[in-house]
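Asks: Pasting a structure here, questions to come.
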Amino acid sequence: MIKVGIVGVGHLGEIHLKLISSSNYFDLIGFFEINLEKADLISNKYQVKFFNNLNDLSENIQAVIICTPTIHHYEIASFFLKNNIHVFIEKPITTNLKEANSLVQIA
């Protein structure tokens, strides 16, 4: 099974979290969320571990699903790619073509 983490558990992130946690192909390790109230709610609702920083999450996963606002996609995706973590990004990939091309080059 592939060890997966999620960054951002708003509306779309919560949907991904539910689907991944019920899959036979993925092991949902945990998630990162900047809104601590939302993090506590999701952690308790789904009995999933909350990581309070991206470094700790990255050390425990093989793939990440990024469900944050688009303005944060480049920074988060480049961090995980540089740490050899497979990345899935909710659309759009970035806010501009230069950042998108940069992520392709990093990958």
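Residue numbers start at 1 in each chain; chains themselves are named A, B, ... in the order of the structure tokens; ligands are numbered from 1 in the order shown.
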Which residues are close to Ile76 of chain A, i.e. within 10 Å by only C-alpha atoms, leaving aside same-chain residues fewer than 5 positions away? Reply as a ChimeraX atom specification.

Replies: /A:7,54,64,66,68,71,81,87,89

Asks: Can you pull out the residues contacting Phe26 of chain A? Cut-off 9 Å, using only C-alpha atoms, and skip same-chain residues under 5 positions away; I want them as a PyMOL selection string.

Replies: chain A and resi 1-4+20-21

Asks: For the selection you just gave me, I'd like the residues written to a file as a PDB file, in the first residue's frame, keeping N, CA, C and O atoms.

Replies:
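selection21.pdb written:
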```pdb
ATOM      1  N   MET A   1       0.835  -1.190   0.000  1.00  0.00           N
ATOM      2  CA  MET A   1       0.000   0.000   0.000  1.00  0.00           C
ATOM      3  C   MET A   1       0.876   1.248   0.000  1.00  0.00           C
ATOM      4  O   MET A   1       1.929   1.262   0.607  1.00  0.00           O
ATOM      5  N   ILE A   2       0.390   2.246  -0.673  1.00  0.00           N
ATOM      6  CA  ILE A   2       1.108   3.513  -0.765  1.00  0.00           C
ATOM      7  C   ILE A   2       0.728   4.386   0.424  1.00  0.00           C
ATOM      8  O   ILE A   2      -0.453   4.606   0.695  1.00  0.00           O
ATOM      9  N   LYS A   3       1.726   4.881   1.134  1.00  0.00           N
ATOM     10  CA  LYS A   3       1.496   5.753   2.291  1.00  0.00           C
ATOM     11  C   LYS A   3       1.248   7.172   1.805  1.00  0.00           C
ATOM     12  O   LYS A   3       2.118   7.778   1.189  1.00  0.00           O
ATOM     13  N   VAL A   4       0.047   7.702   2.111  1.00  0.00           N
ATOM     14  CA  VAL A   4      -0.394   8.986   1.580  1.00  0.00           C
ATOM     15  C   VAL A   4      -0.676   9.969   2.702  1.00  0.00           C
ATOM     16  O   VAL A   4      -1.187   9.603   3.763  1.00  0.00           O
ATOM     17  N   ILE A  20      -9.521   8.247   0.220  1.00  0.00           N
ATOM     18  CA  ILE A  20      -8.240   7.567   0.462  1.00  0.00           C
ATOM     19  C   ILE A  20      -8.344   6.641   1.672  1.00  0.00           C
ATOM     20  O   ILE A  20      -7.824   5.519   1.656  1.00  0.00           O
ATOM     21  N   SER A  21      -9.017   7.101   2.714  1.00  0.00           N
ATOM     22  CA  SER A  21      -9.105   6.273   3.931  1.00  0.00           C
ATOM     23  C   SER A  21      -9.930   5.009   3.713  1.00  0.00           C
ATOM     24  O   SER A  21      -9.773   4.034   4.448  1.00  0.00           O
TER      25      SER A  21
END
```

Asks: Nearest residue to Gly30 of chain A out of A:Asn60, A:Asn83, A:Ser102, A:Asn55, using only C-alpha atoms?

Replies: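 Going through A:Asn60, A:Asn83, A:Ser102, A:Asn55 one by one, the smallest distance to Gly30 of chain A is for A:Asn60.
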
Asks: Mind checking which residues fall within 10 Å of Tyr46 of chain A, counting only C-alpha atoms, ignoring those fewer than 2 positions away in the same chain, and posting them as a ChimeraX atom specification?

Replies: /A:14,17-18,21,41-44,48-49

Asks: Given only C-alpha atoms as the basis, pick out the residue of A:Gly8, A:Ser58, A:His72, A:Lys38 nearest to Pro92 of chain A.

Replies: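 Nearest to Pro92 of chain A: A:His72.
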
Asks: Please indicate the distance in Å from atom CA of Leu36 of chain A to atom CA of Ser23 of chain A, rounded to one decimal place.

Replies: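 So the two atoms, atom CA of Leu36 of chain A and atom CA of Ser23 of chain A, lie 26.1 Å apart.
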
Asks: Between atom CA of Ile34 of chain A and atom CA of Leu12 of chain A, what is the distance in Å, rounded to a tenth?

Replies: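 We find that atom CA of Ile34 of chain A and atom CA of Leu12 of chain A lie 15.1 Å from each other.
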
Asks: Using backbone DSSP assignments, extract all strand (DSSP E) residues from chain A; output them as a list in words.

Replies: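 Answer for chain A restricted to strand (DSSP E) is Ile2, Lys3, Val4, Gly5, Ile6, Val7, Phe26, Asp27, Leu28, Ile29, Gly30, Phe31, Phe32, Phe50, Phe51, Ala63, Val64, Ile65, Ile66, His86, Val87, Phe88 and Ile89 of chain A.
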
Asks: Go ahead and compute the interatomic distance for atom CA of Leu28 of chain A and atom CA of Glu99 of chain A, in Å to one decimal.

Replies: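 Value for the atom CA of Leu28 of chain A-atom CA of Glu99 of chain A distance: 28.0 Å.
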
Asks: Need the shell around Phe51 of chain A: protein/DNA/RNA residues with any atom at most 8 Å away, counting only C-alpha atoms. Skip same-chain ones fewer than 3 positions apart. Format as an NGL selection string?

Replies: :A and (30-33 or 54 or 56-57)

Asks: Now that the selection is made, can you save its residues with all heavy atoms as a short mmCIF file (atom, residue, chain, number, x, y, z; two decimals), in the first residue's frame?

Replies:
```
data_model
loop_
_atom_site.label_atom_id
_atom_site.label_comp_id
_atom_site.auth_asym_id
_atom_site.auth_seq_id
_atom_site.Cartn_x
_atom_site.Cartn_y
_atom_site.Cartn_z
N GLY A 30 -1.87 10.61 7.43
CA GLY A 30 -2.32 11.78 8.17
C GLY A 30 -2.44 12.97 7.26
O GLY A 30 -2.34 12.86 6.03
N PHE A 31 -2.63 14.13 7.87
CA PHE A 31 -2.84 15.34 7.09
C PHE A 31 -2.22 16.55 7.79
O PHE A 31 -1.92 16.51 8.98
CB PHE A 31 -4.34 15.58 6.86
CG PHE A 31 -5.10 15.95 8.11
CD1 PHE A 31 -5.31 17.28 8.45
CD2 PHE A 31 -5.60 14.97 8.95
CE1 PHE A 31 -5.99 17.62 9.61
CE2 PHE A 31 -6.29 15.30 10.10
CZ PHE A 31 -6.49 16.63 10.44
N PHE A 32 -2.06 17.62 7.02
CA PHE A 32 -1.61 18.92 7.52
C PHE A 32 -2.68 19.94 7.17
O PHE A 32 -3.22 19.93 6.06
CB PHE A 32 -0.28 19.32 6.88
CG PHE A 32 0.13 20.72 7.22
CD1 PHE A 32 0.77 20.99 8.42
CD2 PHE A 32 -0.12 21.76 6.36
CE1 PHE A 32 1.14 22.30 8.74
CE2 PHE A 32 0.24 23.07 6.66
CZ PHE A 32 0.87 23.33 7.86
N GLU A 33 -2.97 20.83 8.12
CA GLU A 33 -3.97 21.88 7.92
C GLU A 33 -3.58 23.08 8.77
O GLU A 33 -3.23 22.90 9.95
CB GLU A 33 -5.36 21.35 8.32
CG GLU A 33 -6.46 22.37 8.41
CD GLU A 33 -6.76 23.05 7.09
OE1 GLU A 33 -6.96 22.37 6.08
OE2 GLU A 33 -6.79 24.30 7.08
N LEU A 54 4.89 20.35 7.77
CA LEU A 54 5.07 19.57 6.55
C LEU A 54 6.27 18.63 6.62
O LEU A 54 6.26 17.56 6.00
CB LEU A 54 5.21 20.50 5.34
CG LEU A 54 3.98 21.34 5.01
CD1 LEU A 54 4.27 22.27 3.83
CD2 LEU A 54 2.78 20.46 4.71
N ASP A 56 7.40 16.82 9.18
CA ASP A 56 7.02 15.57 9.84
C ASP A 56 6.14 14.72 8.93
O ASP A 56 6.30 13.51 8.87
CB ASP A 56 6.31 15.85 11.16
CG ASP A 56 7.25 16.38 12.23
OD1 ASP A 56 8.48 16.28 12.06
OD2 ASP A 56 6.74 16.92 13.24
N LEU A 57 5.21 15.36 8.24
CA LEU A 57 4.35 14.62 7.32
C LEU A 57 5.19 13.97 6.22
O LEU A 57 5.03 12.79 5.93
CB LEU A 57 3.28 15.54 6.72
CG LEU A 57 2.32 14.90 5.71
CD1 LEU A 57 1.51 13.77 6.36
CD2 LEU A 57 1.39 15.95 5.12
#
```

Asks: Would you mind writing down, as a ChimeraX atom specification, each residue of chain A that DSSP on the backbone assigns to alpha helix (DSSP H)?

Replies: /A:11-21,36-46,54-58,73-82,97-106

Asks: Restricting the calculation to only C-alpha atoms, which member of A:Asn35, A:Thr70, A:Asn96, A:Ser78 is positioned closest to Phe50 of chain A?

Replies: A:Asn35
